[in-house]
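File shown: input_7.cif (mmCIF, C-alpha atoms and all ligand atoms).
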data_data
loop_
_atom_site.label_atom_id
_atom_site.label_comp_id
_atom_site.auth_asym_id
_atom_site.auth_seq_id
_atom_site.Cartn_x
_atom_site.Cartn_y
_atom_site.Cartn_z
CA MET A 142 -32.76 57.50 -17.08
CA GLU A 143 -29.75 55.18 -17.33
CA PRO A 144 -30.66 51.66 -16.13
CA ILE A 145 -29.12 50.68 -12.79
CA ILE A 146 -28.52 47.10 -14.04
CA LYS A 147 -27.75 45.92 -17.55
CA ALA A 148 -27.19 42.26 -18.47
CA ARG A 149 -25.80 41.65 -21.94
CA GLY A 150 -25.49 38.23 -23.60
CA LEU A 151 -25.21 36.63 -20.18
CA VAL A 152 -24.20 32.96 -20.26
CA LYS A 153 -23.42 30.42 -17.54
CA ARG A 154 -22.29 26.92 -18.33
CA TYR A 155 -21.60 24.22 -15.77
CA GLY A 156 -19.55 21.76 -17.84
CA ASP A 157 -21.90 20.56 -20.61
CA LEU A 158 -24.97 22.09 -19.01
CA THR A 159 -25.96 25.59 -20.10
CA ALA A 160 -27.88 27.05 -17.16
CA VAL A 161 -28.15 30.58 -18.59
CA ALA A 162 -28.09 30.66 -22.37
CA GLY A 163 -27.49 34.30 -23.34
CA ILE A 164 -29.92 36.65 -21.67
CA ASP A 165 -30.29 40.42 -21.90
CA PHE A 166 -32.25 42.61 -19.55
CA GLU A 167 -32.21 46.07 -18.02
CA VAL A 168 -33.52 47.21 -14.67
CA ALA A 169 -34.51 50.81 -14.03
CA ARG A 170 -33.58 52.52 -10.78
CA GLY A 171 -36.31 52.09 -8.16
CA GLU A 172 -38.35 49.43 -9.92
CA CYS A 173 -39.24 45.95 -8.74
CA PHE A 174 -38.04 43.61 -11.45
CA GLY A 175 -39.09 39.96 -11.48
CA LEU A 176 -37.32 36.83 -12.66
CA LEU A 177 -39.98 34.18 -13.13
CA GLY A 178 -39.66 30.65 -14.33
CA PRO A 179 -39.98 26.99 -13.45
CA ASN A 180 -37.46 24.96 -11.40
CA GLY A 181 -34.08 24.90 -13.09
CA ALA A 182 -34.83 27.85 -15.40
CA GLY A 183 -31.62 29.63 -14.40
CA LYS A 184 -32.99 32.26 -12.00
CA THR A 185 -30.65 31.61 -9.08
CA THR A 186 -27.70 31.23 -11.42
CA THR A 187 -28.50 34.67 -12.84
CA VAL A 188 -28.84 36.15 -9.35
CA HIS A 189 -25.50 34.61 -8.32
CA MET A 190 -23.74 36.18 -11.31
CA LEU A 191 -25.38 39.49 -10.53
CA CYS A 192 -24.14 39.43 -6.96
CA CYS A 193 -20.67 38.47 -8.13
CA VAL A 194 -20.42 35.14 -6.32
CA LEU A 195 -20.39 33.04 -9.50
CA PRO A 196 -18.04 33.54 -12.45
CA ILE A 197 -19.72 34.59 -15.71
CA THR A 198 -19.05 32.27 -18.68
CA ALA A 199 -19.80 34.90 -21.37
CA GLY A 200 -21.41 38.32 -21.60
CA ASP A 201 -21.45 40.74 -18.72
CA ILE A 202 -23.57 42.46 -16.10
CA GLU A 203 -23.20 46.13 -15.32
CA VAL A 204 -24.37 47.60 -12.05
CA CYS A 205 -24.31 51.40 -11.87
CA GLY A 206 -21.98 51.33 -14.86
CA LEU A 207 -19.54 48.91 -13.18
CA SER A 208 -18.77 45.52 -14.72
CA ALA A 209 -19.38 42.46 -12.55
CA ARG A 210 -16.24 41.01 -14.06
CA GLU A 211 -14.05 43.97 -13.18
CA SER A 212 -15.54 45.48 -10.02
CA PRO A 213 -17.12 42.73 -7.93
CA ARG A 214 -16.18 44.30 -4.59
CA LEU A 215 -17.69 47.68 -5.43
CA ILE A 216 -20.86 46.01 -6.71
CA LYS A 217 -21.20 43.77 -3.65
CA ALA A 218 -21.11 46.84 -1.43
CA MET A 219 -24.19 48.22 -3.23
CA LEU A 220 -26.25 45.04 -2.91
CA GLY A 221 -28.39 43.39 -0.26
CA VAL A 222 -28.91 39.70 -0.97
CA CYS A 223 -31.49 37.27 0.36
CA PRO A 224 -30.31 33.90 -0.96
CA GLN A 225 -32.70 31.08 -1.81
CA GLU A 226 -30.95 28.85 0.73
CA SER A 227 -30.29 30.34 4.15
CA ASN A 228 -26.67 31.15 4.91
CA LEU A 229 -27.37 32.55 8.38
CA ASP A 230 -24.96 31.67 11.15
CA THR A 231 -27.04 29.09 12.94
CA ASP A 232 -25.00 29.29 16.17
CA PHE A 233 -25.49 33.06 16.42
CA SER A 234 -28.49 34.94 17.77
CA VAL A 235 -30.75 37.00 15.53
CA VAL A 236 -29.12 40.27 16.52
CA HIS A 237 -25.61 38.82 16.31
CA ASN A 238 -26.31 37.69 12.72
CA LEU A 239 -27.29 41.22 11.79
CA VAL A 240 -24.31 42.82 13.56
CA SER A 241 -21.78 40.39 12.08
CA HIS A 242 -23.22 40.89 8.59
CA ALA A 243 -23.01 44.67 9.01
CA ARG A 244 -19.38 44.28 10.09
CA CYS A 245 -18.67 42.53 6.74
CA PHE A 246 -19.35 45.91 5.16
CA ASP A 247 -16.74 47.57 7.39
CA LEU A 248 -19.31 49.43 9.46
CA PRO A 249 -18.02 50.53 12.89
CA LYS A 250 -19.25 48.37 15.75
CA ALA A 251 -21.61 50.98 17.24
CA GLU A 252 -23.21 51.70 13.85
CA ALA A 253 -23.53 47.98 13.10
CA ARG A 254 -25.29 47.53 16.43
CA ARG A 255 -27.59 50.51 15.84
CA ARG A 256 -28.65 49.20 12.42
CA ALA A 257 -29.15 45.67 13.73
CA GLU A 258 -31.41 46.87 16.55
CA ALA A 259 -33.44 49.03 14.15
CA LEU A 260 -33.96 46.07 11.81
CA VAL A 261 -34.96 43.81 14.70
CA ASP A 262 -37.77 46.27 15.48
CA ARG A 263 -38.77 46.91 11.90
CA PHE A 264 -39.04 43.20 11.11
CA ARG A 265 -40.89 42.36 14.35
CA LEU A 266 -38.08 40.18 15.65
CA ARG A 267 -37.70 41.93 19.03
CA ASP A 268 -38.89 38.99 21.14
CA LYS A 269 -36.45 36.72 19.24
CA ALA A 270 -33.49 39.12 19.22
CA GLY A 271 -31.40 36.96 21.57
CA VAL A 272 -32.57 33.61 20.20
CA CYS A 273 -30.15 31.39 18.31
CA VAL A 274 -31.02 30.96 14.60
CA ASP A 275 -31.06 27.19 15.16
CA ASP A 276 -34.12 27.71 17.35
CA LEU A 277 -36.09 29.86 14.89
CA SER A 278 -38.94 28.62 12.72
CA GLY A 279 -38.43 28.57 8.95
CA GLY A 280 -40.63 31.63 8.53
CA LEU A 281 -38.68 33.65 11.10
CA ARG A 282 -35.40 32.67 9.45
CA LYS A 283 -36.69 33.97 6.12
CA ARG A 284 -37.77 37.18 7.79
CA LEU A 285 -34.30 37.56 9.30
CA LEU A 286 -32.70 36.88 5.90
CA VAL A 287 -34.82 39.64 4.35
CA ALA A 288 -34.03 42.00 7.26
CA ARG A 289 -30.32 41.28 6.82
CA THR A 290 -30.42 42.49 3.18
CA LEU A 291 -30.92 46.06 4.44
CA VAL A 292 -28.04 46.18 6.91
CA ASN A 293 -25.64 47.90 4.48
CA ASP A 294 -28.31 50.35 3.25
CA PRO A 295 -28.14 48.90 -0.27
CA ALA A 296 -29.25 50.60 -3.50
CA ILE A 297 -30.33 47.22 -4.88
CA VAL A 298 -31.89 44.28 -3.05
CA LEU A 299 -31.91 40.79 -4.54
CA LEU A 300 -34.58 38.50 -3.15
CA ASP A 301 -34.32 34.91 -4.38
CA GLU A 302 -37.64 33.26 -3.51
CA PRO A 303 -38.13 35.25 -0.31
CA THR A 304 -41.55 33.79 0.47
CA THR A 305 -41.20 30.14 -0.50
CA GLY A 306 -42.51 27.96 2.28
CA LEU A 307 -44.07 30.81 4.24
CA ASP A 308 -47.62 30.92 5.53
CA PRO A 309 -49.91 33.57 4.00
CA GLN A 310 -49.47 36.00 6.88
CA SER A 311 -45.66 35.84 6.77
CA ARG A 312 -45.81 36.17 2.99
CA HIS A 313 -47.91 39.33 3.29
CA GLN A 314 -45.40 40.76 5.77
CA ILE A 315 -42.57 40.22 3.31
CA TRP A 316 -44.66 41.81 0.55
CA ASP A 317 -45.15 44.86 2.76
CA GLU A 318 -41.40 45.05 3.27
CA VAL A 319 -40.79 44.88 -0.49
CA ARG A 320 -43.27 47.74 -0.94
CA ALA A 321 -41.47 49.72 1.78
CA MET A 322 -38.13 49.13 0.04
CA LYS A 323 -39.60 50.40 -3.22
CA ALA A 324 -41.10 53.42 -1.47
CA ALA A 325 -37.62 54.21 -0.12
CA GLY A 326 -36.23 54.16 -3.67
CA VAL A 327 -34.49 50.78 -3.43
CA THR A 328 -34.33 48.75 -6.64
CA VAL A 329 -35.63 45.22 -6.03
CA ILE A 330 -34.90 42.09 -8.04
CA LEU A 331 -37.31 39.33 -7.10
CA THR A 332 -37.34 35.72 -8.15
CA THR A 333 -40.45 33.80 -7.33
CA HIS A 334 -42.64 30.84 -8.21
CA TYR A 335 -45.70 32.66 -6.98
CA MET A 336 -47.37 34.37 -9.88
CA GLU A 337 -49.69 36.26 -7.58
CA GLU A 338 -46.62 37.69 -5.86
CA ALA A 339 -45.09 38.72 -9.18
CA GLN A 340 -48.34 40.29 -10.37
CA LEU A 341 -48.68 42.25 -7.14
CA LEU A 342 -45.12 43.45 -6.69
CA CYS A 343 -43.26 43.57 -9.99
CA ASP A 344 -43.31 46.63 -12.23
CA ARG A 345 -41.73 44.54 -14.97
CA LEU A 346 -40.58 40.97 -15.22
CA VAL A 347 -38.93 38.45 -17.47
CA ILE A 348 -40.13 34.90 -17.89
CA VAL A 349 -37.13 32.59 -17.99
CA ASP A 350 -37.32 29.05 -19.32
CA GLN A 351 -34.38 26.72 -19.92
CA GLY A 352 -31.90 29.56 -19.53
CA ARG A 353 -33.60 31.91 -22.00
CA ILE A 354 -35.96 34.83 -21.66
CA ILE A 355 -39.16 33.86 -23.42
CA GLU A 356 -41.17 37.00 -22.62
CA SER A 357 -40.77 40.29 -20.80
CA GLY A 358 -42.87 43.27 -19.81
CA ALA A 359 -45.25 44.61 -17.19
CA PRO A 360 -47.44 41.81 -15.72
CA GLN A 361 -50.75 43.31 -16.81
CA ALA A 362 -49.42 44.17 -20.27
CA LEU A 363 -48.28 40.57 -20.74
CA ILE A 364 -51.63 39.21 -19.64
CA ALA A 365 -53.36 41.63 -22.00
CA LYS A 366 -51.09 40.61 -24.87
CA HIS A 367 -51.34 36.85 -24.46
CA LEU A 368 -54.65 36.29 -22.71
CA GLY A 369 -56.73 39.29 -23.72
CA GLY A 370 -56.47 40.65 -20.17
CA GLN A 371 -58.18 37.65 -18.56
CA GLY A 372 -56.04 35.19 -16.60
CA THR A 373 -52.82 34.90 -14.71
CA LEU A 374 -49.12 34.70 -15.48
CA GLU A 375 -49.43 30.97 -14.79
CA ASP A 376 -51.99 30.65 -17.61
CA MET A 377 -49.67 32.65 -19.82
CA PHE A 378 -46.71 30.37 -19.12
CA LEU A 379 -48.84 27.35 -20.03
CA LYS A 380 -49.92 29.03 -23.26
CA LEU A 381 -46.36 29.95 -24.22
CA THR A 382 -44.66 26.65 -23.37
CA GLY A 383 -47.38 24.00 -23.14
CA ARG A 384 -46.08 23.25 -19.64
CA GLN A 385 -47.18 24.13 -16.13
CA LEU A 386 -44.97 26.60 -14.34
CA ARG A 387 -45.14 24.50 -11.20
CA GLU A 388 -45.39 20.75 -11.16
N1 LIG A 401 -23.29 24.31 -9.14
C1 LIG A 401 -23.94 23.75 -10.16
N2 LIG A 401 -23.36 22.77 -10.89
C2 LIG A 401 -23.99 22.20 -11.93
N3 LIG A 401 -25.24 22.54 -12.34
C3 LIG A 401 -25.87 23.50 -11.65
C4 LIG A 401 -25.26 24.15 -10.52
N4 LIG A 401 -26.14 25.07 -10.04
C5 LIG A 401 -27.24 25.00 -10.83
N5 LIG A 401 -27.09 24.05 -11.78
C6 LIG A 401 -28.06 23.71 -12.84
O1 LIG A 401 -28.33 24.88 -13.57
C7 LIG A 401 -29.70 24.94 -13.94
C8 LIG A 401 -30.30 26.22 -13.41
O2 LIG A 401 -30.34 26.17 -11.99
P1 LIG A 401 -30.85 27.38 -11.10
O3 LIG A 401 -30.60 27.03 -9.68
O4 LIG A 401 -30.29 28.64 -11.61
O5 LIG A 401 -32.43 27.36 -11.40
P2 LIG A 401 -33.61 28.16 -10.73
O6 LIG A 401 -34.36 28.81 -11.85
O7 LIG A 401 -33.13 29.02 -9.65
O8 LIG A 401 -34.51 26.97 -10.14
P3 LIG A 401 -35.39 26.88 -8.78
O9 LIG A 401 -36.70 27.52 -9.13
O10 LIG A 401 -35.53 25.42 -8.56
O11 LIG A 401 -34.66 27.58 -7.69
C9 LIG A 401 -30.35 23.68 -13.38
O12 LIG A 401 -30.36 22.71 -14.40
C10 LIG A 401 -29.39 23.28 -12.27
O13 LIG A 401 -29.45 21.89 -12.03
MG MG A 402 -33.47 29.13 -7.66
#
Would you mind writing the file out in structure tokens?
Amino acid sequence: MEPIIKARGLVKRYGDLTAVAGIDFEVARGECFGLLGPNGAGKTTTVHMLCCVLPITAGDIEVCGLSARESPRLIKAMLGVCPQESNLDTDFSVVHNLVSHARCFDLPKAEARRRAEALVDRFRLRDKAGVCVDDLSGGLRKRLLVARTLVNDPAIVLLDEPTTGLDPQSRHQIWDEVRAMKAAGVTVILTTHYMEEAQLLCDRLVIVDQGRIIESGAPQALIAKHLGGQGTLEDMFLKLTGRQLRE
């Protein structure tokens, strides 16, 4: 089957700094694809180019055969994005955030409202529906950010560190949501520092270090290849680079 996402020779430079140094990857429709790597590896930069909010220095990304350079609006309409840093409207209530985000995709008001209410229930935010984002805990904000990704019924969801800072229970809830997205046929791109999370959720992943892909494959296959099947992706990163994935 034709990949839903293809990145070819992708480069991002910020002045003298090369954040993404020519990476290639493909994502199959319906898979959960991981971007793993230490702080500053270039994961968020890659995600930002994929969701067409950051100009590409060289190379290209295709989504459903459309170039990110040429068709950013069409691509954005197919994506749900959970950014690493919250960009929720802090003065708005939970439900208002969902409705106003849905309206950005030109959904009629009644449909926007219907989807927002359904997501409030699905993500167990009912008792907070009228609460201002300013008054939510960090974990609830993350949950709302993940809920918001689904408001436009996207084919592809990008989750940039969706569980960072969450307690184990909240993390497990997000994992269940990722599994539900996959079960519904949604393609998921996940960046994470948590190797356990990547091992549990990702069908395939790339390990990114200093803007380059240093290894790629299915988590268990990579552990088999580098560690004889015994160990974790963290151990593998240490073996490949001589550095810890997390300081
Ligand atoms: N707007 C910017 N201007 C200049 N440099 C930037 C900018 N954004 C990111 N960088 C640099 O690009 C490199 C890659 O950053 P990026 O945020 O993509 O890493 P990351 O893998 O997402 O890291 P983290 O795990 O900490 O989120 C880093 O060296 C970072 O300092
Ligand atoms: Mg990042």
Would you name the residues within 6 Å of ligand LIG 401 (chain A), counting all atoms listed in the file, and put them as a PyMOL selection string? chain A and resi 155+160+179-186
When you count all atoms listed in the file, which of these residues is closest to A:Gln361: A:Val319, A:Met336, A:Leu277, A:Ala324? A:Met336
Separation of atom CA of A:Gly369 and atom CA of A:Arg345, in Å?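 It comes out at 18.1 Å.
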Looking at only C-alpha atoms and all ligand atoms, which of A:Leu191, A:Thr231, A:Thr332, A:Lys283 is the one that sits closest to ligand MG 402 (chain A)? A:Thr332
Residues within 12 Å of (-40.2, 23.8, -17.2), file coords, only C-alpha atoms, listed as a PyMOL selection string: chain A and resi 177-183+334+348-353+355+375+378-379+381-388
List as a PyMOL selection string: which residues have an atom within 12 Å of (-22.9, 44.1, -8.4), counting only C-alpha atoms? chain A and resi 145-148+187-195+201-222+295-299
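Considering all atoms listed in the file, the residue among A:Leu300, A:Leu374, A:Val168, A:Val287 positioned nearest to ligand MG 402 (chain A) is A:Leu300.
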Which residue is closest to A:Glu337? Choose from A:Gly358, A:Gly171, A:Gly372, A:Gly150 and count only C-alpha atoms.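 Result for the nearest residue to A:Glu337: A:Gly372.
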List the neighbours of A:Glu226 out to 10 Å using all atoms listed in the file; skip same-chain residues closer than 4 positions along the sequence, and give me the result as number ranges by chain. A: 283, 286, 301-303
Between atom CA of A:Cys223 and atom CA of A:Glu167 lies a distance of 20.4 Å
So, with all atoms listed in the file as the atoms that count, which of A:Leu363, A:Val261, A:Leu239, A:Leu176 lies closest to ligand MG 402 (chain A)? A:Leu176
For ligand MG 402 (chain A), which residue among A:Pro196, A:Gly156, A:Gly163, A:Pro224 is the nearest when counting all atoms listed in the file? A:Pro224
Residues within 9 Å of A:His313, all atoms listed in the file, excluding chain neighbours under 5 positions, as a PyMOL selection string: chain A and resi 304+308+318
Resulting file, chosen residues, C-alpha atoms, as a CSV table (one decimal), in the frame of the given file:
chain,number,residue,atom,x,y,z
A,304,THR,CA,-41.6,33.8,0.5
A,308,ASP,CA,-47.6,30.9,5.5
A,318,GLU,CA,-41.4,45.0,3.3
Where atoms are missing, can you supply N, CA and C atoms for stretch 266-301 of chain A and output the lot as a compact mmCIF listing (two decimals), keeping the file's coordinate frame?
# COMPACT_ATOMS: atom_id res chain seq x y z
N LEU A 266 -38.88 41.29 15.12
CA LEU A 266 -38.08 40.18 15.65
C LEU A 266 -37.62 40.47 17.09
N ARG A 267 -38.21 41.50 17.71
CA ARG A 267 -37.70 41.93 19.03
C ARG A 267 -37.72 40.79 20.05
N ASP A 268 -38.82 40.04 20.10
CA ASP A 268 -38.89 38.99 21.14
C ASP A 268 -37.98 37.80 20.80
N LYS A 269 -37.38 37.80 19.62
CA LYS A 269 -36.45 36.72 19.24
C LYS A 269 -35.01 37.24 19.13
N ALA A 270 -34.79 38.49 19.49
CA ALA A 270 -33.49 39.12 19.22
C ALA A 270 -32.32 38.31 19.76
N GLY A 271 -32.50 37.69 20.95
CA GLY A 271 -31.40 36.96 21.57
C GLY A 271 -31.43 35.46 21.28
N VAL A 272 -32.40 35.05 20.46
CA VAL A 272 -32.57 33.61 20.20
C VAL A 272 -31.62 33.17 19.09
N CYS A 273 -31.06 31.98 19.29
CA CYS A 273 -30.15 31.39 18.31
C CYS A 273 -30.93 31.02 17.04
N VAL A 274 -30.32 31.24 15.88
CA VAL A 274 -31.02 30.96 14.60
C VAL A 274 -31.48 29.50 14.53
N ASP A 275 -30.69 28.61 15.11
CA ASP A 275 -31.06 27.19 15.16
C ASP A 275 -32.45 26.97 15.75
N ASP A 276 -32.84 27.87 16.65
CA ASP A 276 -34.12 27.71 17.35
C ASP A 276 -35.25 28.55 16.74
N LEU A 277 -35.03 29.08 15.55
CA LEU A 277 -36.09 29.86 14.89
C LEU A 277 -36.88 28.96 13.94
N SER A 278 -38.14 29.32 13.73
CA SER A 278 -38.94 28.62 12.72
C SER A 278 -38.44 29.04 11.33
N GLY A 279 -38.84 28.26 10.33
CA GLY A 279 -38.43 28.57 8.95
C GLY A 279 -38.87 29.96 8.52
N GLY A 280 -40.10 30.33 8.92
CA GLY A 280 -40.63 31.63 8.53
C GLY A 280 -39.84 32.78 9.15
N LEU A 281 -39.46 32.60 10.42
CA LEU A 281 -38.68 33.65 11.10
C LEU A 281 -37.27 33.76 10.50
N ARG A 282 -36.72 32.62 10.11
CA ARG A 282 -35.40 32.67 9.45
C ARG A 282 -35.47 33.47 8.16
N LYS A 283 -36.52 33.22 7.38
CA LYS A 283 -36.69 33.97 6.12
C LYS A 283 -36.81 35.46 6.41
N ARG A 284 -37.59 35.78 7.46
CA ARG A 284 -37.77 37.18 7.79
C ARG A 284 -36.43 37.83 8.17
N LEU A 285 -35.63 37.06 8.92
CA LEU A 285 -34.30 37.56 9.30
C LEU A 285 -33.41 37.73 8.06
N LEU A 286 -33.50 36.78 7.13
CA LEU A 286 -32.70 36.88 5.90
C LEU A 286 -33.06 38.14 5.12
N VAL A 287 -34.38 38.44 5.07
CA VAL A 287 -34.82 39.64 4.35
C VAL A 287 -34.37 40.89 5.12
N ALA A 288 -34.49 40.87 6.44
CA ALA A 288 -34.03 42.00 7.26
C ALA A 288 -32.54 42.26 7.02
N ARG A 289 -31.78 41.17 6.97
CA ARG A 289 -30.32 41.28 6.82
C ARG A 289 -29.92 41.98 5.51
N THR A 290 -30.78 41.86 4.47
CA THR A 290 -30.42 42.49 3.18
C THR A 290 -30.25 44.00 3.33
N LEU A 291 -30.89 44.59 4.35
CA LEU A 291 -30.92 46.06 4.44
C LEU A 291 -29.80 46.62 5.31
N VAL A 292 -28.98 45.75 5.88
CA VAL A 292 -28.04 46.18 6.91
C VAL A 292 -26.96 47.14 6.37
N ASN A 293 -26.66 47.01 5.09
CA ASN A 293 -25.64 47.90 4.48
C ASN A 293 -26.28 49.03 3.68
N ASP A 294 -27.59 49.26 3.92
CA ASP A 294 -28.31 50.35 3.25
C ASP A 294 -28.12 50.28 1.72
N PRO A 295 -28.47 49.13 1.14
CA PRO A 295 -28.14 48.90 -0.27
C PRO A 295 -29.02 49.69 -1.24
N ALA A 296 -28.46 49.97 -2.43
CA ALA A 296 -29.25 50.60 -3.50
C ALA A 296 -30.12 49.56 -4.19
N ILE A 297 -29.64 48.31 -4.17
CA ILE A 297 -30.33 47.22 -4.88
C ILE A 297 -30.47 46.04 -3.91
N VAL A 298 -31.67 45.47 -3.86
CA VAL A 298 -31.89 44.28 -3.05
C VAL A 298 -32.28 43.12 -3.97
N LEU A 299 -31.61 42.00 -3.78
CA LEU A 299 -31.91 40.79 -4.54
C LEU A 299 -32.61 39.81 -3.62
N LEU A 300 -33.82 39.43 -3.99
CA LEU A 300 -34.58 38.50 -3.15
C LEU A 300 -34.86 37.24 -3.97
N ASP A 301 -34.16 36.16 -3.63
CA ASP A 301 -34.32 34.91 -4.38
C ASP A 301 -35.32 34.03 -3.63
